[in-house]
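Just query09.txt here, compact mmCIF, N, CA and C atoms:
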```txt
# COMPACT_ATOMS: atom_id res chain seq x y z
N MET F 1 -88.85 39.79 -124.48
CA MET F 1 -89.81 40.68 -125.12
C MET F 1 -91.20 40.06 -125.04
N SER F 2 -92.18 40.85 -124.83
CA SER F 2 -93.56 40.39 -124.68
C SER F 2 -94.12 39.89 -126.01
N ASN F 3 -95.08 38.96 -125.93
CA ASN F 3 -95.77 38.48 -127.12
C ASN F 3 -96.77 39.50 -127.64
N PHE F 4 -97.01 40.56 -126.90
CA PHE F 4 -98.01 41.56 -127.26
C PHE F 4 -97.33 42.83 -127.70
N PRO F 5 -97.67 43.33 -128.88
CA PRO F 5 -97.09 44.62 -129.28
C PRO F 5 -97.66 45.71 -128.38
N SER F 6 -96.87 46.70 -128.14
CA SER F 6 -97.32 47.79 -127.28
C SER F 6 -98.51 48.50 -127.92
N VAL F 7 -99.50 48.78 -127.11
CA VAL F 7 -100.68 49.51 -127.58
C VAL F 7 -100.27 50.92 -127.99
N LEU F 8 -99.28 51.47 -127.32
CA LEU F 8 -98.87 52.83 -127.64
C LEU F 8 -98.35 52.93 -129.06
N ARG F 9 -97.80 51.87 -129.60
CA ARG F 9 -97.36 51.90 -130.99
C ARG F 9 -98.53 52.21 -131.91
N PHE F 10 -99.70 51.73 -131.55
CA PHE F 10 -100.88 51.95 -132.38
C PHE F 10 -101.55 53.29 -132.09
N CYS F 11 -101.39 53.81 -130.87
CA CYS F 11 -102.17 54.97 -130.45
C CYS F 11 -101.41 56.29 -130.48
N TYR F 12 -100.09 56.26 -130.44
CA TYR F 12 -99.33 57.49 -130.43
C TYR F 12 -99.46 58.16 -131.79
N GLU F 13 -99.96 59.37 -131.79
CA GLU F 13 -100.21 60.10 -133.02
C GLU F 13 -99.51 61.46 -132.94
N PRO F 14 -98.24 61.56 -133.37
CA PRO F 14 -97.53 62.83 -133.26
C PRO F 14 -98.22 63.96 -134.01
N ILE F 15 -98.84 63.67 -135.14
CA ILE F 15 -99.54 64.70 -135.90
C ILE F 15 -100.71 65.24 -135.08
N THR F 16 -101.38 64.35 -134.35
CA THR F 16 -102.49 64.77 -133.51
C THR F 16 -102.03 65.76 -132.45
N ASP F 17 -100.84 65.54 -131.87
CA ASP F 17 -100.32 66.46 -130.88
C ASP F 17 -100.13 67.86 -131.46
N VAL F 18 -99.63 67.92 -132.68
CA VAL F 18 -99.43 69.22 -133.35
C VAL F 18 -100.80 69.84 -133.65
N GLU F 19 -101.75 69.03 -134.15
CA GLU F 19 -103.08 69.55 -134.45
C GLU F 19 -103.75 70.06 -133.18
N ARG F 20 -103.60 69.34 -132.06
CA ARG F 20 -104.20 69.76 -130.79
C ARG F 20 -103.61 71.10 -130.33
N ALA F 21 -102.29 71.26 -130.48
CA ALA F 21 -101.65 72.52 -130.10
C ALA F 21 -102.19 73.67 -130.95
N MET F 22 -102.36 73.41 -132.25
CA MET F 22 -102.92 74.44 -133.12
C MET F 22 -104.35 74.78 -132.73
N GLU F 23 -105.14 73.73 -132.43
CA GLU F 23 -106.53 73.92 -132.05
C GLU F 23 -106.63 74.76 -130.77
N GLU F 24 -105.77 74.46 -129.79
CA GLU F 24 -105.80 75.21 -128.53
C GLU F 24 -105.38 76.66 -128.75
N ALA F 25 -104.44 76.88 -129.67
CA ALA F 25 -104.02 78.25 -129.97
C ALA F 25 -105.16 79.02 -130.63
N LEU F 26 -105.88 78.35 -131.55
CA LEU F 26 -107.00 79.01 -132.22
C LEU F 26 -108.18 79.22 -131.28
N ALA F 27 -108.31 78.38 -130.27
CA ALA F 27 -109.43 78.50 -129.34
C ALA F 27 -109.40 79.83 -128.60
N ALA F 28 -108.23 80.39 -128.43
CA ALA F 28 -108.11 81.66 -127.74
C ALA F 28 -108.41 82.84 -128.66
N SER F 29 -108.52 82.60 -129.97
CA SER F 29 -108.75 83.67 -130.92
C SER F 29 -110.25 83.84 -131.20
N ALA F 30 -110.56 84.83 -131.98
CA ALA F 30 -111.96 85.14 -132.29
C ALA F 30 -112.61 84.08 -133.17
N ILE F 31 -111.86 83.31 -133.92
CA ILE F 31 -112.47 82.35 -134.83
C ILE F 31 -112.84 81.03 -134.14
N SER F 32 -112.65 80.94 -132.83
CA SER F 32 -112.94 79.70 -132.13
C SER F 32 -114.43 79.38 -132.05
N ASP F 33 -115.28 80.32 -132.41
CA ASP F 33 -116.72 80.11 -132.31
C ASP F 33 -117.28 79.23 -133.43
N ARG F 34 -116.50 78.99 -134.47
CA ARG F 34 -117.00 78.18 -135.57
C ARG F 34 -116.86 76.68 -135.24
N PRO F 35 -117.82 75.88 -135.66
CA PRO F 35 -117.72 74.44 -135.41
C PRO F 35 -116.55 73.82 -136.16
N SER F 36 -115.94 72.82 -135.57
CA SER F 36 -114.83 72.12 -136.21
C SER F 36 -114.82 70.68 -135.74
N ILE F 37 -114.04 69.85 -136.43
CA ILE F 37 -113.89 68.46 -136.00
C ILE F 37 -112.74 68.41 -135.00
N THR F 38 -113.01 67.87 -133.84
CA THR F 38 -111.99 67.78 -132.80
C THR F 38 -111.71 66.33 -132.46
N ARG F 39 -110.65 66.10 -131.73
CA ARG F 39 -110.30 64.76 -131.25
C ARG F 39 -110.32 64.81 -129.73
N PRO F 40 -111.21 64.06 -129.12
CA PRO F 40 -111.27 64.06 -127.65
C PRO F 40 -109.96 63.55 -127.05
N ARG F 41 -109.63 64.07 -125.89
CA ARG F 41 -108.44 63.60 -125.18
C ARG F 41 -108.69 62.16 -124.72
N MET F 42 -107.60 61.38 -124.66
CA MET F 42 -107.76 59.96 -124.40
C MET F 42 -106.58 59.43 -123.60
N ASP F 43 -106.87 58.45 -122.74
CA ASP F 43 -105.85 57.65 -122.06
C ASP F 43 -106.04 56.21 -122.52
N VAL F 44 -104.93 55.47 -122.65
CA VAL F 44 -105.00 54.06 -123.01
C VAL F 44 -104.23 53.27 -121.96
N HIS F 45 -104.86 52.23 -121.44
CA HIS F 45 -104.25 51.40 -120.40
C HIS F 45 -104.26 49.95 -120.85
N GLU F 46 -103.11 49.30 -120.71
CA GLU F 46 -102.98 47.90 -121.08
C GLU F 46 -102.82 47.11 -119.78
N ASN F 47 -103.77 46.20 -119.50
CA ASN F 47 -103.73 45.39 -118.28
C ASN F 47 -103.22 44.00 -118.65
N LYS F 48 -101.99 43.71 -118.25
CA LYS F 48 -101.38 42.42 -118.60
C LYS F 48 -101.99 41.28 -117.80
N ASP F 49 -102.55 41.56 -116.62
CA ASP F 49 -103.17 40.51 -115.81
C ASP F 49 -104.45 39.99 -116.44
N THR F 50 -105.26 40.91 -116.97
CA THR F 50 -106.54 40.50 -117.57
C THR F 50 -106.46 40.42 -119.09
N ASN F 51 -105.29 40.78 -119.64
CA ASN F 51 -105.08 40.75 -121.09
C ASN F 51 -106.10 41.62 -121.83
N THR F 52 -106.33 42.82 -121.30
CA THR F 52 -107.28 43.75 -121.92
C THR F 52 -106.63 45.12 -122.13
N VAL F 53 -107.24 45.86 -123.03
CA VAL F 53 -106.87 47.25 -123.28
C VAL F 53 -108.09 48.10 -122.94
N THR F 54 -107.88 49.18 -122.20
CA THR F 54 -108.96 50.09 -121.86
C THR F 54 -108.62 51.48 -122.36
N MET F 55 -109.53 52.07 -123.11
CA MET F 55 -109.39 53.45 -123.59
C MET F 55 -110.41 54.30 -122.83
N VAL F 56 -109.97 55.46 -122.39
CA VAL F 56 -110.86 56.38 -121.70
C VAL F 56 -110.81 57.70 -122.45
N LEU F 57 -111.94 58.13 -123.00
CA LEU F 57 -112.03 59.38 -123.76
C LEU F 57 -112.86 60.39 -122.99
N GLU F 58 -112.42 61.63 -122.98
CA GLU F 58 -113.16 62.72 -122.33
C GLU F 58 -114.27 63.20 -123.27
N LEU F 59 -115.51 63.03 -122.83
CA LEU F 59 -116.67 63.50 -123.60
C LEU F 59 -117.64 64.19 -122.64
N PRO F 60 -117.25 65.32 -122.07
CA PRO F 60 -118.11 65.99 -121.09
C PRO F 60 -119.44 66.42 -121.70
N GLY F 61 -120.50 66.13 -120.97
CA GLY F 61 -121.83 66.53 -121.38
C GLY F 61 -122.48 65.64 -122.43
N MET F 62 -121.77 64.63 -122.91
CA MET F 62 -122.33 63.75 -123.93
C MET F 62 -123.16 62.65 -123.30
N LYS F 63 -124.20 62.25 -124.01
CA LYS F 63 -125.01 61.10 -123.61
C LYS F 63 -124.61 59.93 -124.51
N SER F 64 -124.71 58.72 -124.00
CA SER F 64 -124.29 57.55 -124.76
C SER F 64 -125.04 57.43 -126.09
N LYS F 65 -126.28 57.87 -126.13
CA LYS F 65 -127.06 57.78 -127.38
C LYS F 65 -126.52 58.69 -128.48
N ASP F 66 -125.69 59.67 -128.10
CA ASP F 66 -125.15 60.63 -129.06
C ASP F 66 -123.74 60.29 -129.52
N VAL F 67 -123.22 59.14 -129.08
CA VAL F 67 -121.87 58.72 -129.43
C VAL F 67 -121.96 57.45 -130.26
N VAL F 68 -121.17 57.39 -131.33
CA VAL F 68 -121.15 56.22 -132.21
C VAL F 68 -119.76 55.58 -132.12
N ILE F 69 -119.74 54.26 -131.94
CA ILE F 69 -118.49 53.51 -131.93
C ILE F 69 -118.58 52.45 -133.03
N ASP F 70 -117.63 52.49 -133.95
CA ASP F 70 -117.57 51.52 -135.05
C ASP F 70 -116.25 50.76 -134.97
N VAL F 71 -116.30 49.46 -135.25
CA VAL F 71 -115.09 48.65 -135.37
C VAL F 71 -115.11 48.04 -136.76
N GLN F 72 -114.03 48.34 -137.52
CA GLN F 72 -113.95 47.84 -138.89
C GLN F 72 -112.48 47.78 -139.30
N GLN F 73 -112.06 46.65 -139.86
CA GLN F 73 -110.70 46.46 -140.38
C GLN F 73 -109.63 46.85 -139.36
N ASN F 74 -109.77 46.33 -138.14
CA ASN F 74 -108.81 46.57 -137.06
C ASN F 74 -108.70 48.04 -136.67
N ARG F 75 -109.77 48.78 -136.90
CA ARG F 75 -109.82 50.18 -136.48
C ARG F 75 -111.07 50.42 -135.66
N LEU F 76 -110.90 51.17 -134.58
CA LEU F 76 -112.02 51.55 -133.73
C LEU F 76 -112.21 53.05 -133.90
N THR F 77 -113.42 53.47 -134.27
CA THR F 77 -113.71 54.88 -134.49
C THR F 77 -114.80 55.32 -133.53
N VAL F 78 -114.54 56.41 -132.83
CA VAL F 78 -115.52 57.03 -131.93
C VAL F 78 -115.88 58.38 -132.54
N SER F 79 -117.18 58.63 -132.71
CA SER F 79 -117.60 59.90 -133.30
C SER F 79 -118.88 60.39 -132.65
N GLY F 80 -119.17 61.65 -132.88
CA GLY F 80 -120.37 62.28 -132.34
C GLY F 80 -120.29 63.78 -132.57
N GLU F 81 -121.13 64.50 -131.84
CA GLU F 81 -121.14 65.95 -132.01
C GLU F 81 -121.50 66.64 -130.70
N PHE F 82 -120.68 67.62 -130.32
CA PHE F 82 -120.99 68.48 -129.18
C PHE F 82 -121.92 69.57 -129.70
N THR F 83 -123.04 69.77 -129.02
CA THR F 83 -124.00 70.79 -129.46
C THR F 83 -124.20 71.82 -128.36
N ARG F 84 -124.76 72.95 -128.76
CA ARG F 84 -125.08 74.00 -127.80
C ARG F 84 -126.48 73.78 -127.26
N SER F 85 -126.71 74.29 -126.09
CA SER F 85 -128.03 74.20 -125.48
C SER F 85 -128.98 75.13 -126.22
N ALA F 86 -130.10 74.59 -126.66
CA ALA F 86 -131.09 75.40 -127.37
C ALA F 86 -131.91 76.25 -126.41
N SER F 87 -131.82 75.97 -125.12
CA SER F 87 -132.65 76.68 -124.15
C SER F 87 -132.08 78.04 -123.75
N LEU F 88 -130.85 78.36 -124.17
CA LEU F 88 -130.24 79.63 -123.81
C LEU F 88 -130.28 80.60 -124.98
N ASP F 89 -130.50 81.88 -124.68
CA ASP F 89 -130.57 82.92 -125.69
C ASP F 89 -129.17 83.25 -126.20
N GLU F 90 -128.96 83.09 -127.50
CA GLU F 90 -127.65 83.32 -128.11
C GLU F 90 -127.11 84.73 -127.84
N SER F 91 -127.97 85.72 -127.82
CA SER F 91 -127.52 87.11 -127.69
C SER F 91 -127.07 87.45 -126.27
N GLU F 92 -127.33 86.57 -125.31
CA GLU F 92 -127.00 86.88 -123.92
C GLU F 92 -125.67 86.29 -123.44
N TYR F 93 -124.95 85.63 -124.32
CA TYR F 93 -123.65 85.10 -123.92
C TYR F 93 -122.64 86.22 -123.75
N VAL F 94 -121.88 86.16 -122.68
CA VAL F 94 -120.78 87.09 -122.44
C VAL F 94 -119.46 86.41 -122.79
N LEU F 95 -119.37 85.12 -122.51
CA LEU F 95 -118.18 84.33 -122.81
C LEU F 95 -118.62 82.93 -123.20
N ARG F 96 -118.00 82.40 -124.21
CA ARG F 96 -118.34 81.04 -124.64
C ARG F 96 -117.03 80.30 -124.94
N GLU F 97 -116.69 79.30 -124.08
CA GLU F 97 -115.47 78.54 -124.25
C GLU F 97 -115.70 77.06 -124.54
N ARG F 98 -116.90 76.58 -124.27
CA ARG F 98 -117.17 75.16 -124.48
C ARG F 98 -117.18 74.83 -125.96
N ARG F 99 -116.66 73.66 -126.27
CA ARG F 99 -116.57 73.23 -127.66
C ARG F 99 -117.93 72.91 -128.24
N ILE F 100 -118.05 73.16 -129.54
CA ILE F 100 -119.19 72.68 -130.31
C ILE F 100 -118.63 72.05 -131.57
N GLY F 101 -119.42 71.22 -132.18
CA GLY F 101 -118.99 70.61 -133.44
C GLY F 101 -118.75 69.13 -133.30
N LYS F 102 -118.39 68.56 -134.42
CA LYS F 102 -118.20 67.11 -134.50
C LYS F 102 -116.86 66.71 -133.89
N PHE F 103 -116.84 65.49 -133.38
CA PHE F 103 -115.57 64.93 -132.92
C PHE F 103 -115.40 63.56 -133.54
N LEU F 104 -114.15 63.17 -133.67
CA LEU F 104 -113.82 61.90 -134.31
C LEU F 104 -112.47 61.45 -133.78
N ARG F 105 -112.39 60.19 -133.43
CA ARG F 105 -111.11 59.60 -133.00
C ARG F 105 -111.06 58.18 -133.55
N THR F 106 -110.05 57.88 -134.36
CA THR F 106 -109.88 56.55 -134.94
C THR F 106 -108.55 55.99 -134.49
N LEU F 107 -108.59 54.75 -134.01
CA LEU F 107 -107.38 54.11 -133.50
C LEU F 107 -107.26 52.71 -134.06
N GLN F 108 -106.05 52.30 -134.29
CA GLN F 108 -105.79 50.92 -134.69
C GLN F 108 -105.89 50.05 -133.44
N ILE F 109 -106.59 48.92 -133.56
CA ILE F 109 -106.69 47.97 -132.45
C ILE F 109 -106.05 46.66 -132.89
N SER F 110 -105.87 45.77 -131.95
CA SER F 110 -105.21 44.49 -132.23
C SER F 110 -105.91 43.75 -133.36
N ALA F 111 -105.13 43.27 -134.31
CA ALA F 111 -105.68 42.44 -135.38
C ALA F 111 -106.30 41.21 -134.74
N GLY F 112 -107.42 40.80 -135.22
CA GLY F 112 -108.09 39.63 -134.65
C GLY F 112 -109.10 39.97 -133.57
N THR F 113 -109.19 41.24 -133.18
CA THR F 113 -110.18 41.64 -132.19
C THR F 113 -111.56 41.56 -132.83
N LYS F 114 -112.46 40.84 -132.20
CA LYS F 114 -113.82 40.70 -132.72
C LYS F 114 -114.66 41.86 -132.21
N PRO F 115 -115.45 42.49 -133.10
CA PRO F 115 -116.28 43.63 -132.68
C PRO F 115 -117.19 43.31 -131.49
N GLU F 116 -117.69 42.07 -131.41
CA GLU F 116 -118.58 41.73 -130.29
C GLU F 116 -117.84 41.64 -128.96
N GLU F 117 -116.50 41.65 -128.98
CA GLU F 117 -115.71 41.61 -127.74
C GLU F 117 -115.39 43.01 -127.22
N VAL F 118 -115.73 44.03 -127.99
CA VAL F 118 -115.49 45.41 -127.57
C VAL F 118 -116.69 45.87 -126.74
N THR F 119 -116.41 46.38 -125.53
CA THR F 119 -117.49 46.89 -124.67
C THR F 119 -117.25 48.37 -124.39
N ALA F 120 -118.33 49.10 -124.12
CA ALA F 120 -118.22 50.52 -123.85
C ALA F 120 -119.32 50.97 -122.90
N HIS F 121 -118.98 51.95 -122.05
CA HIS F 121 -119.99 52.58 -121.20
C HIS F 121 -119.54 54.01 -120.87
N MET F 122 -120.53 54.85 -120.54
CA MET F 122 -120.27 56.24 -120.17
C MET F 122 -120.34 56.35 -118.65
N GLU F 123 -119.42 57.16 -118.10
CA GLU F 123 -119.39 57.36 -116.67
C GLU F 123 -118.81 58.75 -116.38
N ASP F 124 -119.63 59.65 -115.86
CA ASP F 124 -119.18 60.99 -115.46
C ASP F 124 -118.43 61.73 -116.57
N GLY F 125 -118.97 61.73 -117.78
CA GLY F 125 -118.35 62.45 -118.89
C GLY F 125 -117.18 61.72 -119.53
N LEU F 126 -116.97 60.47 -119.15
CA LEU F 126 -115.90 59.67 -119.73
C LEU F 126 -116.49 58.49 -120.48
N LEU F 127 -116.00 58.25 -121.68
CA LEU F 127 -116.36 57.06 -122.43
C LEU F 127 -115.27 56.04 -122.19
N ILE F 128 -115.65 54.87 -121.66
CA ILE F 128 -114.69 53.83 -121.33
C ILE F 128 -114.92 52.65 -122.26
N ILE F 129 -113.91 52.34 -123.06
CA ILE F 129 -113.98 51.26 -124.05
C ILE F 129 -112.94 50.21 -123.66
N THR F 130 -113.36 48.94 -123.63
CA THR F 130 -112.46 47.85 -123.27
C THR F 130 -112.55 46.76 -124.32
N TYR F 131 -111.41 46.18 -124.65
CA TYR F 131 -111.39 45.04 -125.56
C TYR F 131 -110.22 44.13 -125.19
N PRO F 132 -110.32 42.84 -125.53
CA PRO F 132 -109.23 41.91 -125.22
C PRO F 132 -108.04 42.13 -126.15
N LYS F 133 -106.87 41.96 -125.61
CA LYS F 133 -105.64 42.05 -126.38
C LYS F 133 -105.39 40.69 -127.02
N VAL F 134 -105.18 40.67 -128.32
CA VAL F 134 -104.97 39.42 -129.04
C VAL F 134 -103.47 39.19 -129.19
N PRO F 135 -102.96 38.01 -128.75
CA PRO F 135 -101.52 37.75 -128.88
C PRO F 135 -101.08 37.66 -130.33
N LEU F 136 -99.82 37.96 -130.56
CA LEU F 136 -99.27 37.95 -131.92
C LEU F 136 -99.44 36.61 -132.62
N GLU F 137 -99.27 35.52 -131.90
CA GLU F 137 -99.34 34.22 -132.56
C GLU F 137 -100.73 33.94 -133.13
N GLN F 138 -101.75 34.67 -132.69
CA GLN F 138 -103.08 34.48 -133.25
C GLN F 138 -103.29 35.32 -134.51
N HIS F 139 -102.36 36.19 -134.82
CA HIS F 139 -102.51 37.06 -135.99
C HIS F 139 -102.24 36.32 -137.29
N ALA F 140 -101.24 35.47 -137.29
CA ALA F 140 -100.83 34.82 -138.53
C ALA F 140 -101.68 33.58 -138.82
N HIS F 141 -101.98 33.40 -140.07
CA HIS F 141 -102.71 32.22 -140.53
C HIS F 141 -101.92 31.60 -141.65
N ARG F 142 -101.45 30.38 -141.44
CA ARG F 142 -100.65 29.70 -142.45
C ARG F 142 -101.58 29.02 -143.45
N ILE F 143 -101.27 29.19 -144.70
CA ILE F 143 -102.05 28.60 -145.78
C ILE F 143 -101.23 27.44 -146.36
N THR F 144 -101.86 26.28 -146.48
CA THR F 144 -101.21 25.11 -147.06
C THR F 144 -101.37 25.14 -148.57
N ILE F 145 -100.28 24.99 -149.28
CA ILE F 145 -100.31 25.00 -150.74
C ILE F 145 -100.58 23.58 -151.20
N THR F 146 -101.59 23.40 -152.05
CA THR F 146 -101.94 22.05 -152.53
C THR F 146 -101.52 21.87 -153.97
```

Translate the structure described by the file into structure tokens.
Amino acid sequence: MSNFPSVLRFCYEPITDVERAMEEALAASAISDRPSITRPRMDVHENKDTNTVTMVLELPGMKSKDVVIDVQQNRLTVSGEFTRSASLDESEYVLRERRIGKFLRTLQISAGTKPEEVTAHMEDGLLIITYPKVPLEQHAHRITIT
């Protein structure tokens, strides 16, 4: 067995899958025009050779200045807001399928991961976040009783 717990244990969110299915069902209905909080689609890759984890989130049309990444208490949170173009006349839309509204994705990351070791960049509508995987033996701290 590996010294590293599977990243999928931390990232698999069955409730999110149900929420996403509901969101997609509502997107086809008339109420889809209202803003809501969404969770961007994501892939997680664990590279055992480099001992890193890479998360790739779909954020089409977003600029890096409009995305916030926070690391706190072994949790990484990505948030921001999809907005509509102000240059287009609202009354002239025939069809509107693109999302608007806030998005938020929070994931548990390896205990012991230092925030300064987390890197991120945007590339072609994808947010790519990488951080080192911390081995289990670095998680525990033994306290000597005096």

Fewer than 2 positions away in the same chain doesn't count, so skip those; otherwise give me all residues within 6.5 Å of Val53 (chain F), counting all atoms listed in the file, as a PyMOL selection string.
chain F and resi 45-47+51+55+129-133

All residues 8 Å or closer to region 116-124 of chain F, only N, CA and C atoms, same chain fewer than 6 positions away omitted, as a count of residues only:
10

Interatomic distance, atom N of Val68 (chain F) to atom N of Pro115 (chain F) (Å, one decimal)
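It comes out at 16.1 Å.
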
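Each of F:Asp70, F:Thr77, F:Leu127, F:Glu90 was compared to Val56 (chain F) using all atoms listed in the file, and F:Leu127 turns out to be the nearest.
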
Point-to-point distance in Å for CA of Lys114 (chain F) and CA of Arg75 (chain F):
11.0 Å

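Computed from the coordinates, the atom N of Asp49 (chain F) to atom N of Gly112 (chain F) distance equals 19.2 Å.
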
Residue nearest Arg105 (chain F) - candidates F:Gln72, F:Ser91, F:Thr38, F:Thr54, atoms counted: all atoms listed in the file
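The closest residue to Arg105 (chain F) is F:Thr38.
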
Give the answer as one residue: which of F:Leu95, F:Leu57, F:Leu107, F:Leu126 has the shortest atom-to-atom distance to Pro40 (chain F), using only N, CA and C atoms?
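That would be F:Leu57, the residue with the smallest distance to Pro40 (chain F).
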
Under the rule that all atoms listed in the file are counted, which of F:Ser85, F:Thr113, F:Thr106, F:Thr50 is the nearest residue to Val134 (chain F)?
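For Val134 (chain F), the nearest of the candidates is F:Thr113.
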
Enumerate, as a ChimeraX atom specification, the complete set of residues in region 58-134 of chain F that a backbone-based DSSP assignment places in strand (DSSP E).
/F:58,67-72,75-82,101-108,119-123,126-132

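Take the candidates F:Leu104, F:Ile128, F:Val67, F:Ala86 and check each one against Arg39 (chain F) using all atoms listed in the file; the shortest distance goes to F:Leu104.
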
Could you tell me, as a VMD selection string, which residues of region 53-104 of chain F DSSP assigns to helix (DSSP H, G or I) when given the backbone?
chain F and resid 64 to 66 90 to 92

Filtering to N, CA and C atoms, could you give me those residues as a PDB file, in the frame of the given file?
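Output file out-v5.pdb follows:
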```pdb
ATOM      1  N   SER F  64    -124.710  58.720-124.000  1.00  0.00           N
ATOM      2  CA  SER F  64    -124.290  57.550-124.760  1.00  0.00           C
ATOM      3  C   SER F  64    -125.040  57.430-126.090  1.00  0.00           C
ATOM      4  N   LYS F  65    -126.280  57.870-126.130  1.00  0.00           N
ATOM      5  CA  LYS F  65    -127.060  57.780-127.380  1.00  0.00           C
ATOM      6  C   LYS F  65    -126.520  58.690-128.480  1.00  0.00           C
ATOM      7  N   ASP F  66    -125.690  59.670-128.100  1.00  0.00           N
ATOM      8  CA  ASP F  66    -125.150  60.630-129.060  1.00  0.00           C
ATOM      9  C   ASP F  66    -123.740  60.290-129.520  1.00  0.00           C
ATOM     10  N   GLU F  90    -128.960  83.090-127.500  1.00  0.00           N
ATOM     11  CA  GLU F  90    -127.650  83.320-128.110  1.00  0.00           C
ATOM     12  C   GLU F  90    -127.110  84.730-127.840  1.00  0.00           C
ATOM     13  N   SER F  91    -127.970  85.720-127.820  1.00  0.00           N
ATOM     14  CA  SER F  91    -127.520  87.110-127.690  1.00  0.00           C
ATOM     15  C   SER F  91    -127.070  87.450-126.270  1.00  0.00           C
ATOM     16  N   GLU F  92    -127.330  86.570-125.310  1.00  0.00           N
ATOM     17  CA  GLU F  92    -127.000  86.880-123.920  1.00  0.00           C
ATOM     18  C   GLU F  92    -125.670  86.290-123.440  1.00  0.00           C
TER      19      GLU F  92
END
```
